[in-house]
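Data from data_34.pdb: PDB, C-alpha atoms, pLDDT in the B column
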ATOM      1  CA  MET A   1      98.470 144.134  36.806  1.00 51.00           C
ATOM      2  CA  ARG A   2     100.547 140.943  36.781  1.00 52.00           C
ATOM      3  CA  GLU A   3     104.361 140.886  36.674  1.00 54.00           C
ATOM      4  CA  LEU A   4     105.916 138.315  34.351  1.00 59.00           C
ATOM      5  CA  PRO A   5     109.442 137.198  33.389  1.00 61.00           C
ATOM      6  CA  GLU A   6     111.498 138.922  30.721  1.00 65.00           C
ATOM      7  CA  GLU A   7     110.377 142.337  31.936  1.00 84.00           C
ATOM      8  CA  TRP A   8     106.876 141.876  30.612  1.00 87.00           C
ATOM      9  CA  ARG A   9     103.843 143.163  32.443  1.00 88.00           C
ATOM     10  CA  ILE A  10     100.159 142.867  31.667  1.00 91.00           C
ATOM     11  CA  GLU A  11      97.202 145.115  32.350  1.00 91.00           C
ATOM     12  CA  PHE A  12      93.632 143.842  32.380  1.00 92.00           C
ATOM     13  CA  TRP A  13      91.268 146.794  32.279  1.00 91.00           C
ATOM     14  CA  VAL A  14      87.862 146.742  33.954  1.00 88.00           C
ATOM     15  CA  ASN A  15      85.150 149.348  34.429  1.00 86.00           C
ATOM     16  CA  ALA A  16      82.728 149.748  37.313  1.00 83.00           C
ATOM     17  CA  ILE A  17      79.033 149.310  36.530  1.00 78.00           C
ATOM     18  CA  GLY A  18      76.742 151.274  38.798  1.00 73.00           C
ATOM     19  CA  GLU A  19      77.514 152.299  42.359  1.00 75.00           C
ATOM     20  CA  GLU A  20      76.483 149.164  44.255  1.00 71.00           C
ATOM     21  CA  HIS A  21      79.185 147.798  46.572  1.00 73.00           C
ATOM     22  CA  GLY A  22      79.660 144.369  48.117  1.00 69.00           C
ATOM     23  CA  ASP A  23      80.268 143.470  51.761  1.00 72.00           C
ATOM     24  CA  SER A  24      84.030 143.918  51.342  1.00 72.00           C
ATOM     25  CA  GLY A  25      83.566 147.460  50.077  1.00 70.00           C
ATOM     26  CA  GLY A  26      84.509 146.729  46.476  1.00 75.00           C
ATOM     27  CA  VAL A  27      82.332 147.494  43.481  1.00 73.00           C
ATOM     28  CA  ARG A  28      79.828 144.677  43.014  1.00 74.00           C
ATOM     29  CA  TYR A  29      79.657 144.729  39.209  1.00 78.00           C
ATOM     30  CA  ILE A  30      82.299 145.453  36.586  1.00 81.00           C
ATOM     31  CA  SER A  31      82.657 145.086  32.847  1.00 83.00           C
ATOM     32  CA  THR A  32      85.859 143.828  31.263  1.00 86.00           C
ATOM     33  CA  ASP A  33      87.802 145.848  28.745  1.00 89.00           C
ATOM     34  CA  GLN A  34      91.280 145.659  27.212  1.00 92.00           C
ATOM     35  CA  VAL A  35      94.185 143.333  27.890  1.00 94.00           C
ATOM     36  CA  ARG A  36      97.501 145.112  27.254  1.00 94.00           C
ATOM     37  CA  PHE A  37     101.064 143.815  27.163  1.00 93.00           C
ATOM     38  CA  TYR A  38     104.028 146.046  28.024  1.00 92.00           C
ATOM     39  CA  ARG A  39     107.736 145.318  27.809  1.00 88.00           C
ATOM     40  CA  GLY A  40     110.309 146.951  30.038  1.00 84.00           C
ATOM     41  CA  THR A  41     109.627 150.525  31.037  1.00 83.00           C
ATOM     42  CA  SER A  42     107.771 151.382  27.860  1.00 83.00           C
ATOM     43  CA  GLY A  43     104.562 153.266  28.398  1.00 86.00           C
ATOM     44  CA  GLU A  44     103.150 152.046  25.110  1.00 91.00           C
ATOM     45  CA  PRO A  45     101.578 148.595  24.739  1.00 92.00           C
ATOM     46  CA  SER A  46     103.446 146.126  22.555  1.00 92.00           C
ATOM     47  CA  PRO A  47     101.851 144.834  19.344  1.00 93.00           C
ATOM     48  CA  LEU A  48     100.522 141.312  19.833  1.00 92.00           C
ATOM     49  CA  PRO A  49     102.926 139.751  17.276  1.00 93.00           C
ATOM     50  CA  GLU A  50     105.806 140.831  19.547  1.00 91.00           C
ATOM     51  CA  VAL A  51     104.380 139.156  22.660  1.00 91.00           C
ATOM     52  CA  PRO A  52     105.972 135.730  23.354  1.00 90.00           C
ATOM     53  CA  ALA A  53     103.483 132.921  22.850  1.00 89.00           C
ATOM     54  CA  LEU A  54     103.930 131.511  26.367  1.00 86.00           C
ATOM     55  CA  ILE A  55     103.337 134.869  28.037  1.00 89.00           C
ATOM     56  CA  PHE A  56     100.291 135.543  25.870  1.00 90.00           C
ATOM     57  CA  SER A  57      98.887 132.074  26.552  1.00 86.00           C
ATOM     58  CA  GLU A  58      99.338 132.292  30.329  1.00 85.00           C
ATOM     59  CA  ALA A  59      97.852 135.779  30.476  1.00 88.00           C
ATOM     60  CA  MET A  60      94.790 134.899  28.441  1.00 87.00           C
ATOM     61  CA  ARG A  61      94.297 131.749  30.498  1.00 82.00           C
ATOM     62  CA  ASP A  62      94.073 133.918  33.615  1.00 85.00           C
ATOM     63  CA  VAL A  63      91.676 136.316  31.900  1.00 86.00           C
ATOM     64  CA  ASP A  64      89.499 133.446  30.707  1.00 79.00           C
ATOM     65  CA  LEU A  65      89.449 131.949  34.206  1.00 76.00           C
ATOM     66  CA  PHE A  66      88.556 135.302  35.778  1.00 81.00           C
ATOM     67  CA  VAL A  67      85.674 135.898  33.391  1.00 78.00           C
ATOM     68  CA  GLY A  68      84.505 132.292  33.575  1.00 70.00           C
ATOM     69  CA  VAL A  69      84.326 132.287  37.376  1.00 71.00           C
ATOM     70  CA  ALA A  70      83.144 135.831  38.072  1.00 75.00           C
ATOM     71  CA  SER A  71      80.671 136.356  35.232  1.00 75.00           C
ATOM     72  CA  VAL A  72      77.006 137.013  36.018  1.00 73.00           C
ATOM     73  CA  GLY A  73      76.411 134.362  33.361  1.00 69.00           C
ATOM     74  CA  ASN A  74      77.076 131.833  36.128  1.00 66.00           C
ATOM     75  CA  ASP A  75      74.346 133.351  38.285  1.00 66.00           C
ATOM     76  CA  THR A  76      70.943 131.785  37.625  1.00 63.00           C
ATOM     77  CA  THR A  77      69.202 134.797  39.158  1.00 64.00           C
ATOM     78  CA  TRP A  78      70.453 136.859  36.213  1.00 65.00           C
ATOM     79  CA  GLN A  79      68.438 134.839  33.713  1.00 63.00           C
ATOM     80  CA  ASP A  80      66.123 137.849  33.395  1.00 60.00           C
ATOM     81  CA  GLY A  81      69.063 140.050  32.408  1.00 58.00           C
ATOM     82  CA  GLY A  82      69.262 142.062  35.605  1.00 62.00           C
ATOM     83  CA  PRO A  83      67.937 145.620  36.009  1.00 63.00           C
ATOM     84  CA  GLU A  84      65.748 146.574  33.054  1.00 62.00           C
ATOM     85  CA  ALA A  85      66.878 143.328  31.364  1.00 61.00           C
ATOM     86  CA  ARG A  86      69.807 145.202  29.833  1.00 64.00           C
ATOM     87  CA  HIS A  87      72.195 142.253  30.270  1.00 67.00           C
ATOM     88  CA  ARG A  88      69.852 139.522  29.021  1.00 69.00           C
ATOM     89  CA  ASP A  89      71.688 138.999  25.734  1.00 72.00           C
ATOM     90  CA  TYR A  90      75.021 138.778  27.548  1.00 75.00           C
ATOM     91  CA  TRP A  91      73.672 136.271  30.075  1.00 70.00           C
ATOM     92  CA  HIS A  92      72.271 134.015  27.378  1.00 69.00           C
ATOM     93  CA  HIS A  93      75.435 134.242  25.267  1.00 71.00           C
ATOM     94  CA  PHE A  94      77.637 133.351  28.226  1.00 70.00           C
ATOM     95  CA  ALA A  95      75.294 130.664  29.514  1.00 71.00           C
ATOM     96  CA  PHE A  96      74.967 128.811  26.215  1.00 76.00           C
ATOM     97  CA  GLY A  97      77.340 130.456  23.718  1.00 79.00           C
ATOM     98  CA  GLU A  98      80.670 129.541  22.153  1.00 82.00           C
ATOM     99  CA  LEU A  99      83.252 127.867  24.375  1.00 86.00           C
ATOM    100  CA  GLY A 100      86.253 129.748  25.734  1.00 80.00           C
ATOM    101  CA  LEU A 101      89.658 128.156  26.183  1.00 80.00           C
ATOM    102  CA  SER A 102      88.915 126.834  29.669  1.00 80.00           C
ATOM    103  CA  ALA A 103      85.637 125.325  28.501  1.00 86.00           C
ATOM    104  CA  GLN A 104      87.342 123.677  25.525  1.00 90.00           C
ATOM    105  CA  THR A 105      89.903 122.122  27.864  1.00 89.00           C
ATOM    106  CA  ARG A 106      87.072 121.010  30.135  1.00 90.00           C
ATOM    107  CA  ARG A 107      85.267 119.340  27.250  1.00 94.00           C
ATOM    108  CA  ALA A 108      88.434 117.461  26.282  1.00 94.00           C
ATOM    109  CA  ALA A 109      88.847 116.266  29.876  1.00 92.00           C
ATOM    110  CA  LEU A 110      85.240 115.096  30.027  1.00 95.00           C
ATOM    111  CA  GLU A 111      85.559 113.278  26.709  1.00 95.00           C
ATOM    112  CA  GLY A 112      88.245 111.145  28.317  1.00 93.00           C
ATOM    113  CA  LEU A 113      86.460 110.779  31.641  1.00 93.00           C
ATOM    114  CA  VAL A 114      82.755 110.231  30.903  1.00 95.00           C
ATOM    115  CA  PRO A 115      83.176 106.936  28.966  1.00 95.00           C
ATOM    116  CA  LYS A 116      84.618 105.424  32.170  1.00 93.00           C
ATOM    117  CA  LEU A 117      81.618 106.373  34.307  1.00 94.00           C
ATOM    118  CA  LYS A 118      78.529 104.319  35.092  1.00 94.00           C
ATOM    119  CA  ILE A 119      76.383 106.938  33.330  1.00 96.00           C
ATOM    120  CA  ALA A 120      78.390 106.661  30.089  1.00 96.00           C
ATOM    121  CA  SER A 121      75.612 104.821  28.239  1.00 97.00           C
ATOM    122  CA  VAL A 122      73.229 107.773  28.617  1.00 97.00           C
ATOM    123  CA  CYS A 123      75.775 110.495  27.839  1.00 97.00           C
ATOM    124  CA  SER A 124      77.036 111.931  24.566  1.00 97.00           C
ATOM    125  CA  PHE A 125      78.870 115.015  23.347  1.00 97.00           C
ATOM    126  CA  GLU A 126      77.284 117.623  21.128  1.00 93.00           C
ATOM    127  CA  ASP A 127      79.234 120.746  20.207  1.00 90.00           C
ATOM    128  CA  ARG A 128      79.089 122.910  23.380  1.00 94.00           C
ATOM    129  CA  PHE A 129      77.100 120.460  25.486  1.00 96.00           C
ATOM    130  CA  LEU A 130      77.261 117.239  27.432  1.00 97.00           C
ATOM    131  CA  VAL A 131      73.985 115.515  26.551  1.00 97.00           C
ATOM    132  CA  VAL A 132      72.400 113.372  29.273  1.00 98.00           C
ATOM    133  CA  ARG A 133      69.381 111.171  28.517  1.00 97.00           C
ATOM    134  CA  GLY A 134      67.259 110.804  31.635  1.00 96.00           C
ATOM    135  CA  GLN A 135      64.090 108.752  32.060  1.00 95.00           C
ATOM    136  CA  LYS A 136      61.882 111.833  31.808  1.00 96.00           C
ATOM    137  CA  ARG A 137      63.816 114.186  29.565  1.00 96.00           C
ATOM    138  CA  THR A 138      67.038 114.762  27.695  1.00 97.00           C
ATOM    139  CA  TYR A 139      69.340 117.452  29.082  1.00 97.00           C
ATOM    140  CA  ARG A 140      72.143 119.489  27.551  1.00 96.00           C
ATOM    141  CA  ILE A 141      74.767 120.795  29.991  1.00 96.00           C
ATOM    142  CA  HIS A 142      76.948 123.630  28.710  1.00 92.00           C
ATOM    143  CA  PHE A 143      80.695 123.024  29.091  1.00 92.00           C
ATOM    144  CA  GLY A 144      81.379 126.675  29.847  1.00 87.00           C
ATOM    145  CA  SER A 145      78.701 127.717  32.314  1.00 84.00           C
ATOM    146  CA  GLY A 146      77.307 124.385  33.502  1.00 88.00           C
ATOM    147  CA  ASN A 147      73.813 125.655  32.694  1.00 88.00           C
ATOM    148  CA  ILE A 148      71.185 123.185  31.522  1.00 92.00           C
ATOM    149  CA  ILE A 149      68.665 123.121  28.682  1.00 92.00           C
ATOM    150  CA  MET A 150      65.851 120.559  28.728  1.00 95.00           C
ATOM    151  CA  GLU A 151      64.600 118.948  25.551  1.00 93.00           C
ATOM    152  CA  PRO A 152      62.391 118.777  23.600  1.00 90.00           C
ATOM    153  CA  THR A 153      61.181 122.239  24.622  1.00 89.00           C
ATOM    154  CA  SER A 154      64.603 123.908  25.076  1.00 88.00           C
ATOM    155  CA  GLN A 155      63.591 125.102  28.539  1.00 90.00           C
ATOM    156  CA  TYR A 156      66.193 126.347  30.983  1.00 88.00           C
ATOM    157  CA  LEU A 157      66.574 124.148  34.069  1.00 91.00           C
ATOM    158  CA  CYS A 158      67.753 125.832  37.250  1.00 86.00           C
ATOM    159  CA  VAL A 159      69.656 123.443  39.521  1.00 86.00           C
ATOM    160  CA  VAL A 160      71.407 124.901  42.557  1.00 74.00           C
ATOM    161  CA  ALA A 161      74.673 123.074  43.207  1.00 62.00           C
ATOM    162  CA  ASP A 162      74.953 120.976  46.364  1.00 57.00           C
ATOM    163  CA  ARG A 163      78.360 121.953  47.735  1.00 49.00           C
ATOM    164  CA  ARG A 164      78.438 118.825  49.881  1.00 49.00           C
ATOM    165  CA  ILE A 165      78.867 116.721  46.745  1.00 49.00           C
ATOM    166  CA  THR A 166      82.458 116.228  45.630  1.00 49.00           C
ATOM    167  CA  PRO A 167      84.125 113.987  43.034  1.00 47.00           C
ATOM    168  CA  ASN A 168      84.736 111.512  45.862  1.00 49.00           C
ATOM    169  CA  SER A 169      80.967 111.011  45.977  1.00 50.00           C
ATOM    170  CA  TRP A 170      81.203 109.126  42.674  1.00 45.00           C
ATOM    171  CA  ASP A 171      84.527 107.298  43.237  1.00 50.00           C
ATOM    172  CA  VAL A 172      85.969 109.308  40.356  1.00 52.00           C
ATOM    173  CA  ILE A 173      89.528 110.604  40.121  1.00 50.00           C
ATOM    174  CA  LEU A 174      89.499 113.839  38.141  1.00 51.00           C
ATOM    175  CA  PRO A 175      92.319 114.379  35.620  1.00 50.00           C
ATOM    176  CA  PHE A 176      93.273 117.654  37.295  1.00 52.00           C
ATOM    177  CA  GLU A 177      92.273 119.715  40.302  1.00 55.00           C
ATOM    178  CA  GLY A 178      91.084 123.268  40.586  1.00 58.00           C
ATOM    179  CA  ASP A 179      88.244 123.222  38.041  1.00 72.00           C
ATOM    180  CA  ALA A 180      85.091 123.549  40.110  1.00 78.00           C
ATOM    181  CA  MET A 181      82.971 123.790  36.959  1.00 84.00           C
ATOM    182  CA  LEU A 182      84.074 120.343  35.786  1.00 89.00           C
ATOM    183  CA  SER A 183      82.946 118.900  39.113  1.00 87.00           C
ATOM    184  CA  LEU A 184      79.670 120.817  38.876  1.00 88.00           C
ATOM    185  CA  ILE A 185      78.957 119.482  35.383  1.00 92.00           C
ATOM    186  CA  LEU A 186      79.610 115.928  36.544  1.00 93.00           C
ATOM    187  CA  SER A 187      77.362 116.327  39.582  1.00 92.00           C
ATOM    188  CA  LYS A 188      74.537 117.587  37.356  1.00 94.00           C
ATOM    189  CA  ALA A 189      75.085 114.759  34.878  1.00 95.00           C
ATOM    190  CA  PHE A 190      74.824 112.125  37.614  1.00 95.00           C
ATOM    191  CA  LEU A 191      71.711 113.795  39.002  1.00 94.00           C
ATOM    192  CA  LEU A 192      69.918 114.095  35.661  1.00 96.00           C
ATOM    193  CA  ALA A 193      70.829 110.611  34.455  1.00 96.00           C
ATOM    194  CA  GLU A 194      68.419 109.386  37.136  1.00 95.00           C
ATOM    195  CA  ASP A 195      65.885 112.186  36.916  1.00 96.00           C
ATOM    196  CA  SER A 196      63.051 109.864  37.930  1.00 95.00           C
ATOM    197  CA  LYS A 197      64.657 109.618  41.390  1.00 94.00           C
ATOM    198  CA  ILE A 198      64.895 113.378  41.971  1.00 94.00           C
ATOM    199  CA  THR A 199      62.756 114.433  44.941  1.00 93.00           C
ATOM    200  CA  ASP A 200      63.610 118.136  45.201  1.00 92.00           C
ATOM    201  CA  PRO A 201      60.332 119.891  44.276  1.00 92.00           C
ATOM    202  CA  SER A 202      62.172 122.953  42.968  1.00 90.00           C
ATOM    203  CA  ILE A 203      63.689 120.697  40.292  1.00 93.00           C
ATOM    204  CA  THR A 204      60.823 118.278  39.624  1.00 94.00           C
ATOM    205  CA  ARG A 205      58.400 121.156  39.015  1.00 93.00           C
ATOM    206  CA  GLN A 206      60.607 122.371  36.184  1.00 94.00           C
ATOM    207  CA  ILE A 207      61.177 118.923  34.688  1.00 94.00           C
ATOM    208  CA  ASP A 208      57.497 117.972  34.762  1.00 92.00           C
ATOM    209  CA  ALA A 209      56.282 121.292  33.346  1.00 85.00           C
ATOM    210  CA  ARG A 210      55.428 121.131  29.641  1.00 71.00           C
TER     211      ARG A 210
END
Kindly return the structure encoded in the file as structure tokens.
Amino acid sequence: MRELPEEWRIEFWVNAIGEEHGDSGGVRYISTDQVRFYRGTSGEPSPLPEVPALIFSEAMRDVDLFVGVASVGNDTTWQDGGPEARHRDYWHHFAFGELGLSAQTRRAALEGLVPKLKIASVCSFEDRFLVVRGQKRTYRIHFGSGNIIMEPTSQYLCVVADRRITPNSWDVILPFEGDAMLSLILSKAFLLAEDSKITDPSITRQIDAR
């Protein structure tokens, strides 16, 4: 629950999935549920038309950020859908589906940033993806999840992020801080723009497979 001005409070409901716990003792997996807005001491949620636009916007931004960061859709090991593949559809939808608010903002930021980069000539924008034309293949990087599809076969490309790489590695000043996914997308774009120079066998095996 988050306290907000004007005596508004918000509840974001979640449900535990399974009984597996993490190292901190908390439940490892949850599913998201309702977002409710309450005013004053009322025990009943307020209708959405009565919620001030600023409060609604800030709350949903937090929800979108929470889901975007914590979702198993960001975890490449969940490509198979997890136990009994029961979350496969969710993983694929999150990994390559419609863009949330944070992803839309990220796309707008990249549209202003990419044309100024040295890889601009091999990059373009296509709906939900940043398209990068390498020497070996063309790649589509999703603005929401950062996941990659290789063309022309639409294969998924698993690239584990190198946390040592930062925006400073490219002499780029990002338009805002705090969006790790934007940095991740840029790092993948720089890597794939020169795919013929990639030496990591875990990546080259995927690129060269047909």
Ref. answer, residues at most 12 Å from (76.8, 116.4, 28.6) with all atoms listed in the file, as number ranges by chain: A: 106-108, 110-111, 113-115, 119-134, 138-144, 146-150, 182, 184-193
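In this comparison, which uses all atoms listed in the file, the residue of A:Glu151, A:Trp8, A:Arg36, A:Trp13 approaching Leu54 of chain A most closely is A:Trp8.
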Between A:Ser183, A:Thr41, A:Gln206, A:Ser102, which is the closest to Ser154 of chain A once you count all atoms listed in the file? A:Gln206
Report, in Å with one decimal, the straight-line distance from atom CA of Ser145 of chain A to atom CA of Glu19 of chain A.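 Value for the atom CA of Ser145 of chain A-atom CA of Glu19 of chain A distance: 26.6 Å.
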Between A:Arg210, A:Gly100, A:Ile198, A:Phe94, single out the one closest to Gln155 of chain A, counting all atoms listed in the file.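 Comparing A:Arg210, A:Gly100, A:Ile198, A:Phe94 against Gln155 of chain A, the winner is A:Arg210.
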For this structure, which residues satisfy the selection - the PyMOL selection byres ((chain A and resi 67-71) around 9) - when it is evaluated on the file as given? I want them as an MDAnalysis selection string. chainID A and resid 32 62:66 72:75 91 94 100 102:103 144:145 181
Just C-alpha atoms for this one: save the residues we selected as a PDB file, keeping the file's coordinate frame.
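result36.pdb, written as the output of this step:
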ATOM      1  CA  THR A  32      85.859 143.828  31.263  1.00 86.00           C
ATOM      2  CA  ASP A  62      94.073 133.918  33.615  1.00 85.00           C
ATOM      3  CA  VAL A  63      91.676 136.316  31.900  1.00 86.00           C
ATOM      4  CA  ASP A  64      89.499 133.446  30.707  1.00 79.00           C
ATOM      5  CA  LEU A  65      89.449 131.949  34.206  1.00 76.00           C
ATOM      6  CA  PHE A  66      88.556 135.302  35.778  1.00 81.00           C
ATOM      7  CA  VAL A  72      77.006 137.013  36.018  1.00 73.00           C
ATOM      8  CA  GLY A  73      76.411 134.362  33.361  1.00 69.00           C
ATOM      9  CA  ASN A  74      77.076 131.833  36.128  1.00 66.00           C
ATOM     10  CA  ASP A  75      74.346 133.351  38.285  1.00 66.00           C
ATOM     11  CA  TRP A  91      73.672 136.271  30.075  1.00 70.00           C
ATOM     12  CA  PHE A  94      77.637 133.351  28.226  1.00 70.00           C
ATOM     13  CA  GLY A 100      86.253 129.748  25.734  1.00 80.00           C
ATOM     14  CA  SER A 102      88.915 126.834  29.669  1.00 80.00           C
ATOM     15  CA  ALA A 103      85.637 125.325  28.501  1.00 86.00           C
ATOM     16  CA  GLY A 144      81.379 126.675  29.847  1.00 87.00           C
ATOM     17  CA  SER A 145      78.701 127.717  32.314  1.00 84.00           C
ATOM     18  CA  MET A 181      82.971 123.790  36.959  1.00 84.00           C
TER      19      MET A 181
END
Provide an axis-aligned box for all listed atoms of segment 36-43 of chain A, padding each side by 5 Å; report its centre and its edge lengths in Å to one decimal, as lines of an AutoDock Vina configuration file.
center_x = 103.9
center_y = 148.5
center_z = 29.1
size_x = 22.8
size_y = 19.5
size_z = 13.9
With the file shown as input, list the residues that the PyMOL selection byres ((chain A and resi 196) around 8) selects, as a ChimeraX atom specification. /A:134-136,194-195,197-198
Quick one: pull the distance between atom CA of Glu11 of chain A and atom CA of Gly26 of chain A, Å, one decimal.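 If I compute the distance from atom CA of Glu11 of chain A to atom CA of Gly26 of chain A, I get 19.1 Å.
Relative to atom CA of Glu7 of chain A, atom CA of Pro45 of chain A is found at 13.0 Å.
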When you count all atoms listed in the file, which of these residues is closest to Tyr38 of chain A: A:Ser24, A:Ala59, A:Arg9, A:Thr153?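 Of A:Ser24, A:Ala59, A:Arg9, A:Thr153, the one nearest Tyr38 of chain A, counting all atoms listed in the file, is A:Arg9.
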Dig up all the protein and nucleic acid residues within 6 Å of (77.0, 146.2, 35.9) in the file frame, using only C-alpha atoms, and format them as a list in words.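 The residues near that point, listed by chain and number, are Ile17, Gly18, Tyr29 and Ile30 of chain A.
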